[in-house]
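These notes are about the structure you will find just below.
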Amino acid sequence: MKNQKQATIQSIQVGMRIIDLLVASGEPLRLSDIQEKTGITKSNLYKYLNTFTDLDILYKDKHNGNYQLGSKLIEYGMAAIGQEDVISRVLPYLKDLSHQLDNTCLLTTWTYNGPIISKIWNPGHAYNIGAQLGSLLPPLSSTGKIFESFLDSVTTKDWIKLMGKEGKGNAVEEINRVRQEGIAFANEPLIPTVSSVSIPVFNYNQELLSAITVVGFSESIPKDPSANKSQSIIKVGKEISAQFGYRPL
């Protein structure tokens, strides 16, 4: 006997054709390209694209109007493949550092919108320091300072314009200091009494791969690169970078 087909929601199936198309294309697409290749009417396509953009499932480039996969899909993907290469390699260090310093540790990665939190590890405290998976971090956070210091300005300009105070990022002196010392500090940038310190993680091409951030109550976070805690964090960053083939020039 032939199995009966289970009930489905056709509108979701239609919407997934848009996602599948963008995945297969490997590059941003214009609205006209999406319409031509999916056959969805323009009026309905606008609704799908607007909905997906509002949900961060898709991203619309404000300069040329092209659509590409959004940060929410990155978050979903990381949740679905918890053993993804970067996470699986970094997680043991994240755990050790969190317990060593008795603070929450974050792994942050870059998206077109800016750096987002892709993994969180805390030592089991009952209090919540406000970090959430997928949160977008601003330029004046310690994480933001790392990405602004080690990524080119073309990559970071839209993020800084969107989230930077008065459309500005960090001062040139601060960026140079972070590059020289390899560590960034932020005293209560987002939440009163909560501060952070971040270090970069590089790959074999000398490119910034991600950042490790230690966050907690201000009195527990170092504010000077010469502090013992700071040196421990810097050492961990170098060990993680070595896992990805990084060798200092």
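By convention in this document, the chains of the structure tokens carry letters A, B, ... by their order, each chain's residues are numbered from 1, and ligands are numbered from 1 in the order they are shown.
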Within 12 Å of stretch 172-187 of chain A: each stretch 46-141 of chain A residue with its shortest pair, only C-alpha atoms, as a Markdown table:
```
| residue | atom | partner | partner_atom | distance |
| --- | --- | --- | --- | --- |
| A:Pro138 | CA | A:Ala186 | CA | 11.1 |
| A:Pro139 | CA | A:Ala186 | CA | 10.2 |
| A:Leu140 | CA | A:Ala186 | CA | 7.1 |
| A:Ser141 | CA | A:Ala186 | CA | 5.5 |
```
Go ahead and write the selection's residues with C-alpha atoms as an mmCIF file, in the first residue's frame.
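The result, written out as result_35.cif:
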```
data_model
loop_
_atom_site.group_PDB
_atom_site.id
_atom_site.type_symbol
_atom_site.label_atom_id
_atom_site.label_comp_id
_atom_site.auth_asym_id
_atom_site.auth_seq_id
_atom_site.Cartn_x
_atom_site.Cartn_y
_atom_site.Cartn_z
ATOM 1 C CA PRO A 138 30.314 47.085 19.241
ATOM 2 C CA PRO A 139 33.685 48.654 18.332
ATOM 3 C CA LEU A 140 34.338 50.003 21.841
ATOM 4 C CA SER A 141 34.099 46.551 23.445
#
```
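Among A:Ala24, A:Pro248, A:Ser118, A:Tyr112, the residue with the shortest atom-to-atom distance to A:Val154, counting only C-alpha atoms, is A:Tyr112.
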Which of stretch 28-123 of chain A fall in alpha helix (DSSP H), as an MDAnalysis selection string: chainID A and resid 31:38 42:54 71:80 85:101
Nearest to A:Ser11, chosen from A:Ile221, A:Leu106, A:Ile40, A:Leu133, with only C-alpha atoms counted in the distances: A:Ile40
My list of candidates is A:Ile57, A:Ile18, A:Ala131, A:Leu49. Which is closest to A:Val194 when distances are computed with only C-alpha atoms?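 Once distances to A:Val194 are computed over only C-alpha atoms, the minimum belongs to A:Ala131.
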Near stretch 61-71 of chain A, counting only C-alpha atoms, which residues have an atom at most 6 Å away, once you skip same-chain residues fewer than 3 positions from it, shown as a CSV table (one decimal) with all heavy atoms, in the first residue's frame?
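And here is the file that came out, part-v3.csv:
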```csv
chain,number,residue,atom,x,y,z
A,28,PRO,N,26.4,36.7,-3.4
A,28,PRO,CA,25.2,37.5,-3.3
A,28,PRO,C,24.5,37.5,-4.7
A,28,PRO,O,25.1,37.5,-5.7
A,28,PRO,CB,25.7,38.9,-2.9
A,28,PRO,CG,27.0,38.6,-2.3
A,28,PRO,CD,27.6,37.5,-3.0
A,29,LEU,N,23.1,37.6,-4.6
A,29,LEU,CA,22.3,37.7,-5.8
A,29,LEU,C,21.4,38.9,-5.8
A,29,LEU,O,20.9,39.3,-4.7
A,29,LEU,CB,21.5,36.4,-5.9
A,29,LEU,CG,22.2,35.1,-6.1
A,29,LEU,CD1,21.2,33.9,-6.1
A,29,LEU,CD2,23.0,35.1,-7.4
A,30,ARG,N,21.1,39.4,-6.9
A,30,ARG,CA,20.1,40.5,-7.1
A,30,ARG,C,18.7,39.9,-7.0
A,30,ARG,O,18.5,38.7,-7.2
A,30,ARG,CB,20.3,41.2,-8.4
A,30,ARG,CG,21.7,41.9,-8.6
A,30,ARG,CD,21.8,42.4,-10.0
A,30,ARG,NE,21.7,41.4,-11.0
A,30,ARG,CZ,21.7,41.6,-12.3
A,30,ARG,NH1,21.8,42.9,-12.8
A,30,ARG,NH2,21.7,40.6,-13.2
A,56,ASP,N,17.2,38.3,10.1
A,56,ASP,CA,18.7,38.1,9.9
A,56,ASP,C,19.0,36.7,9.3
A,56,ASP,O,20.1,36.2,9.4
A,56,ASP,CB,19.4,38.2,11.3
A,56,ASP,CG,19.5,39.6,11.8
A,56,ASP,OD1,19.5,40.5,10.9
A,56,ASP,OD2,19.6,39.8,13.0
A,57,ILE,N,18.0,36.1,8.7
A,57,ILE,CA,18.3,34.9,7.9
A,57,ILE,C,19.0,35.2,6.6
A,57,ILE,O,19.8,34.5,6.1
A,57,ILE,CB,17.0,34.1,7.7
A,57,ILE,CG1,16.5,33.5,9.0
A,57,ILE,CG2,17.2,33.0,6.7
A,57,ILE,CD1,15.1,32.8,9.0
A,58,LEU,N,18.6,36.4,6.0
A,58,LEU,CA,19.3,37.0,4.9
A,58,LEU,C,19.8,38.3,5.2
A,58,LEU,O,19.3,39.0,6.2
A,58,LEU,CB,18.3,37.0,3.7
A,58,LEU,CG,17.8,35.7,3.1
A,58,LEU,CD1,16.9,36.0,1.9
A,58,LEU,CD2,19.0,34.8,2.7
A,74,ILE,N,24.3,31.5,10.4
A,74,ILE,CA,25.6,31.2,11.0
A,74,ILE,C,25.4,30.7,12.4
A,74,ILE,O,26.0,29.6,12.8
A,74,ILE,CB,26.6,32.4,11.0
A,74,ILE,CG1,26.9,32.9,9.6
A,74,ILE,CG2,27.9,32.1,11.7
A,74,ILE,CD1,27.6,34.2,9.5
```
Using only C-alpha atoms: which of A:Thr104, A:Thr38, A:Asn113, A:Thr156 has the shortest distance to A:Lys60: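 Result for the nearest residue to A:Lys60: A:Asn113.
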Contacts of A:Cys105 at 9 Å or less, counting only C-alpha atoms, minus same-chain residues fewer than 4 places along, as a PyMOL selection string? chain A and resi 94-95+97-98+119-123+212-216
Point-to-point distance from atom CA of A:Asp102 to atom CA of A:Lys223, Å rounded to tenths: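 Atom CA of A:Lys223 lies at a distance of 16.2 Å from atom CA of A:Asp102.
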Would you write out, as a Markdown table, a table of all residues in stretch 70-175 of chain A that have an atom no more than 8 Å from an atom of stretch 224-247 of chain A, listing for each the closest atom pair and the distance in Å to one decimal, considering only C-alpha atoms and ordering rows by chain and rising residue number?
```
| residue | atom | partner | partner_atom | distance |
| --- | --- | --- | --- | --- |
| A:Arg89 | CA | A:Gln243 | CA | 7.6 |
| A:Val90 | CA | A:Ile240 | CA | 6.6 |
| A:Tyr93 | CA | A:Val236 | CA | 7.1 |
| A:Leu97 | CA | A:Ile233 | CA | 7.5 |
| A:Leu101 | CA | A:Lys229 | CA | 7.5 |
```
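Coordinates place atom CA of A:Ile9 at a distance of 19.4 Å from atom CA of A:Ser43.
Using only C-alpha atoms, the protein and nucleic acid residues lying no more than 8 Å from A:Glu148, apart from those fewer than 3 places from it along its own chain, are Pro139, Gly144, Lys145, Leu151, Asp152, Ser153, Thr156, Gly169, Asn170 and Ile175 of chain A.
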Would you write out those residues with C-alpha atoms, as an mmCIF file, in the first residue's frame?
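Below you can see selection37.cif, which holds the result:
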```cif
data_model
loop_
_atom_site.group_PDB
_atom_site.id
_atom_site.type_symbol
_atom_site.label_atom_id
_atom_site.label_comp_id
_atom_site.auth_asym_id
_atom_site.auth_seq_id
_atom_site.Cartn_x
_atom_site.Cartn_y
_atom_site.Cartn_z
ATOM 1 C CA PRO A 139 33.685 48.654 18.332
ATOM 2 C CA GLY A 144 35.471 45.144 18.892
ATOM 3 C CA LYS A 145 38.915 46.621 19.445
ATOM 4 C CA LEU A 151 40.890 43.637 10.093
ATOM 5 C CA ASP A 152 41.146 46.188 7.269
ATOM 6 C CA SER A 153 39.024 49.325 7.374
ATOM 7 C CA THR A 156 34.876 47.060 9.279
ATOM 8 C CA GLY A 169 35.451 53.547 16.076
ATOM 9 C CA ASN A 170 38.469 53.527 18.347
ATOM 10 C CA ILE A 175 44.346 50.583 17.656
#
```
Would you please work out which residue, of A:Ile87, A:Val23, A:Leu73, A:Leu162, is nearest to A:Ser210 when using only C-alpha atoms?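 Distance minimum relative to A:Ser210 lands on A:Ile87.
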Gap from atom CA of A:Asp33 to atom CA of A:Thr51 - Å, one decimal: 18.3 Å
